[in-house]
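For reference, my_file-v6.txt (compact mmCIF, C-alpha atoms):
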# COMPACT_ATOMS: atom_id res chain seq x y z
CA THR U 1 0.00 0.00 0.00
CA SER U 2 0.98 3.66 -0.28
CA ASP U 3 1.23 3.80 3.53
CA ALA U 4 4.05 1.23 3.65
CA ALA U 5 7.63 2.29 4.14
CA GLU U 6 9.64 3.06 1.02
CA VAL U 7 12.23 0.33 0.54
CA GLY U 8 15.08 0.66 -1.92
CA PRO U 9 18.84 0.41 -2.35
CA MET U 10 20.90 2.55 0.02
CA PRO U 11 22.68 5.32 -1.92
CA GLY U 12 26.43 4.91 -2.46
CA PRO U 13 28.77 1.91 -2.71
CA CYS U 14 27.72 -1.27 -0.92
CA PRO U 15 30.28 -3.79 0.42
CA PHE U 16 27.57 -6.24 1.55
CA THR U 17 27.03 -9.21 -0.78
CA GLY U 18 23.29 -9.36 0.00
CA GLY U 19 22.81 -5.64 -0.61
CA CYS U 20 22.36 -2.38 1.29
CA TYR U 21 18.77 -1.26 1.73
CA LEU U 22 17.01 1.84 3.02
CA LEU U 23 13.76 1.44 4.97
CA ASN U 24 12.21 4.89 4.93
CA GLY U 25 8.80 5.57 6.50
CA THR U 26 6.12 3.77 8.49
CA ILE U 27 6.51 0.02 9.14
CA THR U 28 3.57 -2.10 7.89
CA LYS U 29 2.90 -5.77 7.15
CA ASP U 30 3.76 -5.04 3.51
CA ASP U 31 7.40 -4.55 4.52
CA LEU U 32 7.63 -8.28 5.25
CA GLY U 33 7.30 -8.79 1.49
CA THR U 34 10.02 -6.26 0.59
CA ILE U 35 12.73 -5.79 3.21
CA GLY U 36 11.68 -9.11 4.79
CA ALA U 37 12.14 -10.94 1.48
CA ALA U 38 15.61 -9.38 1.04
CA LEU U 39 16.61 -10.57 4.53
CA ILE U 40 15.35 -14.10 3.81
CA ARG U 41 17.34 -14.18 0.53
CA ALA U 42 20.48 -13.06 2.35
CA THR U 43 19.95 -15.75 5.00
CA ASN U 44 19.38 -18.51 2.44
CA ASN U 45 22.36 -17.45 0.32
CA LYS U 46 24.61 -16.84 3.36
CA GLN U 47 25.18 -13.23 2.23
CA SER U 48 25.89 -10.17 4.35
CA ILE U 49 23.25 -7.44 4.34
CA SER U 50 22.83 -3.94 5.73
CA ILE U 51 19.60 -2.04 6.44
CA ARG U 52 19.49 1.73 6.96
CA LEU U 53 16.58 2.65 9.23
CA ASN U 54 14.72 5.95 8.95
CA SER U 55 11.30 5.26 10.42
CA PRO U 56 8.85 6.81 12.90
CA GLY U 57 7.66 3.27 13.76
CA GLY U 58 4.48 1.47 12.78
CA ASP U 59 3.01 -2.00 13.12
CA PHE U 60 4.53 -3.58 16.24
CA ARG U 61 4.21 -7.25 15.31
CA SER U 62 5.64 -6.63 11.82
CA ALA U 63 8.61 -4.86 13.40
CA VAL U 64 9.26 -7.82 15.72
CA ALA U 65 9.02 -10.21 12.74
CA LEU U 66 11.51 -8.06 10.80
CA GLY U 67 13.76 -7.97 13.87
CA ARG U 68 13.84 -11.77 13.90
CA LEU U 69 14.66 -11.82 10.17
CA MET U 70 17.47 -9.31 10.84
CA ARG U 71 18.95 -11.70 13.41
CA SER U 72 18.61 -14.76 11.15
CA ALA U 73 20.46 -12.88 8.40
CA GLY U 74 23.15 -11.53 10.75
CA ALA U 75 22.15 -8.11 9.40
CA VAL U 76 23.79 -4.77 10.15
CA ALA U 77 21.49 -1.86 11.05
CA VAL U 78 22.68 1.68 10.42
CA GLY U 79 21.26 5.18 10.40
CA GLY U 80 22.64 8.55 9.39
CA PHE U 81 22.89 11.56 11.69
CA ASN U 82 19.58 12.92 10.35
CA ASP U 83 17.76 9.56 10.37
CA ILE U 84 15.31 8.47 13.08
CA CYS U 85 14.30 5.10 14.52
CA MET U 86 11.26 5.54 16.73
CA SER U 87 8.75 3.34 18.48
CA SER U 88 8.49 -0.16 16.90
CA CYS U 89 11.49 0.59 14.62
CA VAL U 90 13.59 -0.09 17.73
CA MET U 91 12.61 -3.77 17.46
CA ILE U 92 14.19 -3.95 13.99
CA LEU U 93 17.31 -2.22 15.33
CA ALA U 94 17.43 -4.68 18.24
CA GLY U 95 17.39 -7.65 15.86
CA ALA U 96 20.57 -6.59 14.05
CA THR U 97 23.85 -8.21 15.03
CA PHE U 98 25.53 -4.81 14.67
CA ARG U 99 23.65 -1.65 15.60
CA GLY U 100 25.21 1.54 14.28
CA HIS U 101 22.39 4.09 14.22
CA ALA U 102 23.85 7.61 14.49
CA GLY U 103 20.50 9.45 14.50
CA ARG U 104 17.75 9.81 17.09
CA VAL U 105 16.36 6.57 18.55
CA GLY U 106 13.17 6.90 20.60
CA ILE U 107 10.66 4.71 22.42
CA HIS U 108 7.06 4.85 23.58
CA ARG U 109 4.30 2.43 24.48
CA PRO U 110 2.81 0.50 21.54
CA TYR U 111 -0.85 1.23 20.85
CA ARG U 112 -3.74 -0.07 18.74
CA ILE U 113 -4.05 1.63 15.37
CA SER U 114 -7.72 0.65 15.21
CA THR U 115 -10.31 2.83 16.95
CA ALA U 116 -12.92 0.05 16.99
CA PRO U 117 -14.56 -0.57 20.41
CA ILE U 118 -12.70 -2.98 22.70
CA THR U 119 -13.36 -4.11 26.29
CA ALA U 120 -10.84 -3.64 29.09
CA ALA U 121 -10.41 -7.43 29.30
CA GLU U 122 -9.73 -7.70 25.56
CA MET U 123 -7.27 -4.78 25.71
CA LYS U 124 -5.44 -6.37 28.64
CA LYS U 125 -5.20 -9.64 26.72
CA GLU U 126 -3.73 -7.76 23.74
CA PHE U 127 -1.22 -5.89 25.94
CA ASP U 128 -0.19 -9.15 27.64
CA SER U 129 0.34 -10.72 24.22
CA TRP U 130 2.53 -7.78 23.11
CA ALA U 131 4.53 -7.99 26.35
CA LYS U 132 5.14 -11.73 25.96
CA ASP U 133 6.20 -11.37 22.32
CA ALA U 134 8.46 -8.42 23.09
CA LYS U 135 10.23 -10.00 26.06
CA VAL U 136 10.78 -13.33 24.30
CA PHE U 137 12.20 -11.49 21.28
CA LEU U 138 14.47 -9.19 23.31
CA ALA U 139 15.86 -12.20 25.21
CA GLU U 140 16.52 -13.95 21.87
CA VAL U 141 18.58 -11.00 20.58
CA ASN U 142 20.42 -10.28 23.85
CA VAL U 143 18.77 -6.91 24.44
CA SER U 144 17.72 -5.98 27.98
CA GLU U 145 14.06 -6.68 28.76
CA ARG U 146 14.15 -3.35 30.62
CA LEU U 147 13.68 -1.79 27.20
CA TRP U 148 10.10 -3.08 27.11
CA ASP U 149 9.43 -1.85 30.67
CA GLU U 150 10.69 1.63 29.73
CA MET U 151 8.52 1.60 26.57
CA LEU U 152 5.44 0.89 28.71
CA ARG U 153 6.26 3.84 30.98
CA THR U 154 6.26 6.27 28.03
CA PRO U 155 2.79 7.33 26.74
CA PRO U 156 2.34 7.01 22.94
CA GLU U 157 1.82 10.75 22.50
CA ARG U 158 5.30 11.37 23.95
CA VAL U 159 8.54 9.93 22.56
CA ARG U 160 11.51 9.36 24.84
CA ILE U 161 14.76 9.89 22.96
CA LEU U 162 17.43 7.49 24.23
CA SER U 163 20.84 8.81 25.19
CA ASP U 164 24.05 7.09 24.06
CA ASN U 165 24.47 5.64 27.55
CA GLU U 166 20.92 4.28 27.52
CA MET U 167 21.46 2.77 24.07
CA ILE U 168 24.58 0.99 25.34
CA SER U 169 22.85 -0.07 28.57
CA PHE U 170 19.90 -1.63 26.70
CA GLY U 171 22.20 -3.31 24.14
CA LEU U 172 21.14 -1.19 21.16
CA LYS U 173 24.57 0.14 20.21
CA GLY U 174 27.50 -1.71 18.72
CA GLU U 175 27.74 -5.44 18.17
CA ASP U 176 25.56 -8.04 19.87
CA VAL U 177 27.51 -9.69 22.71
CA VAL U 178 27.20 -13.29 21.45
CA SER U 179 27.87 -12.30 17.85
CA GLU U 180 30.78 -10.14 19.00
CA GLU U 181 32.64 -12.98 20.72
CA ILE U 182 32.34 -15.18 17.62
CA THR U 183 33.33 -12.29 15.33
CA ASP U 184 36.35 -11.32 17.46
CA SER U 185 37.78 -14.84 17.28
CA TYR U 186 37.10 -15.05 13.54
CA ASN U 187 38.71 -11.67 12.86
CA ALA U 188 41.81 -12.47 14.90
CA ARG U 189 42.29 -15.57 12.73
CA TYR U 190 41.46 -13.58 9.57
CA TYR U 191 44.08 -10.91 10.27
CA GLY U 192 46.60 -13.50 11.48
CA ILE U 193 47.06 -11.98 14.95
CA SER U 194 46.40 -13.03 18.53
CA LYS U 195 43.05 -12.36 20.18
CA VAL U 196 44.74 -9.90 22.58
CA GLU U 197 46.33 -7.97 19.69
CA TYR U 198 43.05 -7.94 17.77
CA LEU U 199 41.13 -6.55 20.77
CA GLN U 200 43.74 -3.80 21.16
CA ARG U 201 43.37 -2.86 17.48
CA LYS U 202 39.58 -3.04 17.79
CA SER U 203 39.68 -0.63 20.74
CA LEU U 204 41.90 1.78 18.76
CA ALA U 205 39.56 1.50 15.74
CA PHE U 206 36.57 2.40 17.90
CA LYS U 207 38.34 5.43 19.38
CA ILE U 208 39.49 6.80 16.02
CA CYS U 209 36.72 5.66 13.67
CA ASN U 210 33.57 6.00 15.78
CA PRO U 211 33.36 9.82 15.37
CA ILE U 212 33.33 9.21 11.58
CA LEU U 213 30.45 6.73 11.98
CA GLN U 214 28.55 9.19 14.19
CA ARG U 215 28.67 11.70 11.34
CA GLY U 216 27.02 9.11 9.08
CA GLU U 217 30.10 8.77 6.81
CA PHE U 218 29.75 5.01 6.37
CA ASP U 219 32.34 4.53 3.61
CA ARG U 220 35.07 6.46 5.45
CA TRP U 221 34.21 4.60 8.65
CA ARG U 222 34.59 1.20 6.94
CA GLN U 223 37.96 2.25 5.46
CA CYS U 224 39.19 3.50 8.85
CA ASP U 225 38.01 0.38 10.70
CA GLU U 226 39.54 -2.01 8.16
CA SER U 227 42.87 -0.16 8.04
CA ILE U 228 43.40 -0.21 11.81
CA LYS U 229 42.31 -3.83 12.23
CA ARG U 230 44.55 -4.95 9.37
CA THR U 231 47.68 -2.87 10.13
CA GLY U 232 47.26 -1.36 13.59
CA SER U 233 47.19 2.22 12.25
CA TYR U 234 45.15 4.56 10.06

Show the structure stored in the file as structure tokens.
Amino acid sequence: TSDAAEVGPMPGPCPFTGGCYLLNGTITKDDLGTIGAALIRATNNKQSISIRLNSPGGDFRSAVALGRLMRSAGAVAVGGFNDICMSSCVMILAGATFRGHAGRVGIHRPYRISTAPITAAEMKKEFDSWAKDAKVFLAEVNVSERLWDEMLRTPPERVRILSDNEMISFGLKGEDVVSEEITDSYNARYYGISKVEYLQRKSLAFKICNPILQRGEFDRWRQCDESIKRTGSY
């Protein structure tokens, strides 16, 4: 439908074999057939894939489903300095194995789009269902379940913008902890250095290259990160 998010190739060069996509706009069930299909292809073909998120949110269950597809694909989630990831978009960000969103990330309580009459008992059942789905999903992707509790505390008409420290505390910034341990060992072997030496280079790369990433300069960031991890300097 015309209300679905615009999905297309991310502008600029793409080093990911499964493609670089931009999800721009409101998340709907239709996005499972576009960005979702791209994530499934990347998973089946064992290809790397990156999704740039610029969304005010949307359908909660679709966002959780996309978050699970992000995790299955080992997808990278990024966002430029001027991009946003609000409300249910945070579930897609949470599903990524690397979260590098440099823009504003905000949360609030999910709500029914429909205005059809509903009883208190039916609404409670729906809320309980959302809570169960959210907490199971967040546990699957190693993101703190406190994120859901904080979402519930924020009314839908107000958006709480997360600070860098909150993003780190919830597990929404940088690489997923389980994925990170596997990746660190792989990269140490790849670069032909010890794990200790690799972690030192990784720390240096973060210090020097992260400001470039925060400005949304993805290509320069990748060059900086690769150079330091390969040679120890930039």

Problem set entry | Using all atoms listed in the file: which of U:Cys209, U:Met10, U:Leu162, U:Ala37 has the shortest distance to Ile84 (chain U) | U:Leu162

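Interatomic distance, CA of Leu32 (chain U) to CA of Arg112 (chain U): 19.5 Å.
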
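Closest approach to Ser144 (chain U) among U:Cys89, U:Val177, U:Ile27, U:Leu69 is made by U:Val177 (distances from only C-alpha atoms).
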
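Each of U:Gly36, U:Arg222, U:Glu150, U:Ile228 was checked against Gln200 (chain U) using all atoms listed in the file; the smallest atom-to-atom distance is that of U:Ile228.
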
Surrounding residues of Val141 (chain U) excluding itself and chain neighbours under 3 positions, 7 Å, all atoms listed in the file, as a PDB file with C-alpha atoms, keeping the file's coordinate frame:
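Final output, part-v1.pdb:
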ATOM      1  CA  ALA U  94      17.430  -4.680  18.240  1.00  0.00           C
ATOM      2  CA  GLY U  95      17.390  -7.650  15.860  1.00  0.00           C
ATOM      3  CA  PHE U 137      12.200 -11.490  21.280  1.00  0.00           C
ATOM      4  CA  LEU U 138      14.470  -9.190  23.310  1.00  0.00           C
TER       5      LEU U 138
END

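Excluding Arg201 (chain U) itself and any same-chain residue fewer than 4 positions from it, the protein and nucleic acid residues within 7 Å of it, counting all atoms listed in the file, are Glu197, Ala205, Ile228, Lys229 and Gly232 of chain U.
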
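The smallest atom-to-atom distance between Leu172 (chain U) and any of U:Pro9, U:Gly57, U:Gly19, U:Gly106, using all atoms listed in the file, is found for U:Gly106.
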
Exercise. List as a PyMOL selection string: which residues have an atom within 12 Å of (28.9, -14.8, 16.2), counting all atoms listed in the file?
Worked result: chain U and resi 71-75+96-98+141+175-187

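Distances to Glu166 (chain U) were evaluated for U:Val76, U:Val105, U:Ala65, U:Cys20 using all atoms listed in the file, and the minimum falls at U:Val105.
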
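Using all atoms listed in the file, the shortest contact distance between Glu217 (chain U) and any of U:Asn82, U:Gly18, U:Leu39, U:Ser55 is found at U:Asn82.
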
Seminar exercise, completed: Students should find that CA of Gln47 (chain U) and CA of Pro11 (chain U) are spaced 19.2 Å

Would you mind completing region 96-107 of chain U so that it carries all heavy atoms, and writing it out as an mmCIF file, keeping the file's coordinate frame?
data_model
loop_
_atom_site.group_PDB
_atom_site.id
_atom_site.type_symbol
_atom_site.label_atom_id
_atom_site.label_comp_id
_atom_site.auth_asym_id
_atom_site.auth_seq_id
_atom_site.Cartn_x
_atom_site.Cartn_y
_atom_site.Cartn_z
ATOM 1 N N ALA U 96 19.298 -6.596 14.785
ATOM 2 C CA ALA U 96 20.570 -6.590 14.050
ATOM 3 C C ALA U 96 21.700 -7.145 14.911
ATOM 4 O O ALA U 96 21.684 -7.003 16.131
ATOM 5 C CB ALA U 96 20.899 -5.175 13.599
ATOM 6 N N THR U 97 22.688 -7.747 14.278
ATOM 7 C CA THR U 97 23.850 -8.210 15.030
ATOM 8 C C THR U 97 24.863 -7.093 15.244
ATOM 9 O O THR U 97 25.719 -7.169 16.116
ATOM 10 C CB THR U 97 24.553 -9.404 14.345
ATOM 11 O OG1 THR U 97 24.844 -9.043 12.990
ATOM 12 C CG2 THR U 97 23.669 -10.627 14.366
ATOM 13 N N PHE U 98 24.761 -6.030 14.422
ATOM 14 C CA PHE U 98 25.530 -4.810 14.670
ATOM 15 C C PHE U 98 24.587 -3.641 14.541
ATOM 16 O O PHE U 98 23.909 -3.483 13.527
ATOM 17 C CB PHE U 98 26.708 -4.666 13.701
ATOM 18 C CG PHE U 98 27.525 -3.417 13.974
ATOM 19 C CD1 PHE U 98 28.558 -3.449 14.909
ATOM 20 C CD2 PHE U 98 27.241 -2.224 13.332
ATOM 21 C CE1 PHE U 98 29.292 -2.305 15.189
ATOM 22 C CE2 PHE U 98 27.965 -1.073 13.601
ATOM 23 C CZ PHE U 98 28.999 -1.112 14.541
ATOM 24 N N ARG U 99 24.562 -2.795 15.585
ATOM 25 C CA ARG U 99 23.650 -1.650 15.600
ATOM 26 C C ARG U 99 24.475 -0.374 15.569
ATOM 27 O O ARG U 99 25.181 -0.061 16.533
ATOM 28 C CB ARG U 99 22.776 -1.659 16.851
ATOM 29 C CG ARG U 99 21.900 -2.922 17.026
ATOM 30 C CD ARG U 99 22.418 -3.821 18.120
ATOM 31 N NE ARG U 99 21.508 -4.929 18.415
ATOM 32 C CZ ARG U 99 21.752 -5.825 19.362
ATOM 33 N NH1 ARG U 99 22.848 -5.773 20.079
ATOM 34 N NH2 ARG U 99 20.891 -6.797 19.589
ATOM 35 N N GLY U 100 24.401 0.343 14.455
ATOM 36 C CA GLY U 100 25.210 1.540 14.280
ATOM 37 C C GLY U 100 24.368 2.733 13.862
ATOM 38 O O GLY U 100 24.699 3.399 12.883
ATOM 39 N N HIS U 101 23.276 2.981 14.590
ATOM 40 C CA HIS U 101 22.390 4.090 14.220
ATOM 41 C C HIS U 101 22.909 5.380 14.854
ATOM 42 O O HIS U 101 22.994 5.500 16.071
ATOM 43 C CB HIS U 101 20.961 3.812 14.692
ATOM 44 C CG HIS U 101 19.925 4.565 13.910
ATOM 45 N ND1 HIS U 101 19.757 5.927 14.035
ATOM 46 C CD2 HIS U 101 19.028 4.160 12.970
ATOM 47 C CE1 HIS U 101 18.790 6.315 13.215
ATOM 48 N NE2 HIS U 101 18.325 5.260 12.558
ATOM 49 N N ALA U 102 23.270 6.356 14.011
ATOM 50 C CA ALA U 102 23.850 7.610 14.490
ATOM 51 C C ALA U 102 22.811 8.694 14.734
ATOM 52 O O ALA U 102 23.133 9.753 15.265
ATOM 53 C CB ALA U 102 24.884 8.117 13.484
ATOM 54 N N GLY U 103 21.555 8.440 14.344
ATOM 55 C CA GLY U 103 20.500 9.450 14.500
ATOM 56 C C GLY U 103 19.770 9.311 15.819
ATOM 57 O O GLY U 103 20.276 8.725 16.775
ATOM 58 N N ARG U 104 18.543 9.859 15.860
ATOM 59 C CA ARG U 104 17.750 9.810 17.090
ATOM 60 C C ARG U 104 16.974 8.494 17.153
ATOM 61 O O ARG U 104 16.315 8.100 16.199
ATOM 62 C CB ARG U 104 16.781 10.985 17.138
ATOM 63 C CG ARG U 104 17.481 12.340 17.362
ATOM 64 C CD ARG U 104 16.465 13.453 17.554
ATOM 65 N NE ARG U 104 15.535 13.524 16.436
ATOM 66 C CZ ARG U 104 14.255 13.886 16.529
ATOM 67 N NH1 ARG U 104 13.737 14.179 17.704
ATOM 68 N NH2 ARG U 104 13.492 13.941 15.459
ATOM 69 N N VAL U 105 17.090 7.821 18.294
ATOM 70 C CA VAL U 105 16.360 6.570 18.550
ATOM 71 C C VAL U 105 15.443 6.834 19.736
ATOM 72 O O VAL U 105 15.895 7.289 20.796
ATOM 73 C CB VAL U 105 17.332 5.409 18.853
ATOM 74 C CG1 VAL U 105 16.561 4.142 19.217
ATOM 75 C CG2 VAL U 105 18.240 5.155 17.651
ATOM 76 N N GLY U 106 14.138 6.571 19.550
ATOM 77 C CA GLY U 106 13.170 6.900 20.600
ATOM 78 C C GLY U 106 12.176 5.786 20.841
ATOM 79 O O GLY U 106 11.917 4.952 19.967
ATOM 80 N N ILE U 107 11.614 5.766 22.037
ATOM 81 C CA ILE U 107 10.660 4.710 22.420
ATOM 82 C C ILE U 107 9.380 5.322 22.981
ATOM 83 O O ILE U 107 9.375 6.434 23.492
ATOM 84 C CB ILE U 107 11.261 3.737 23.460
ATOM 85 C CG1 ILE U 107 11.684 4.504 24.734
ATOM 86 C CG2 ILE U 107 12.439 2.969 22.865
ATOM 87 C CD1 ILE U 107 12.110 3.594 25.887
#
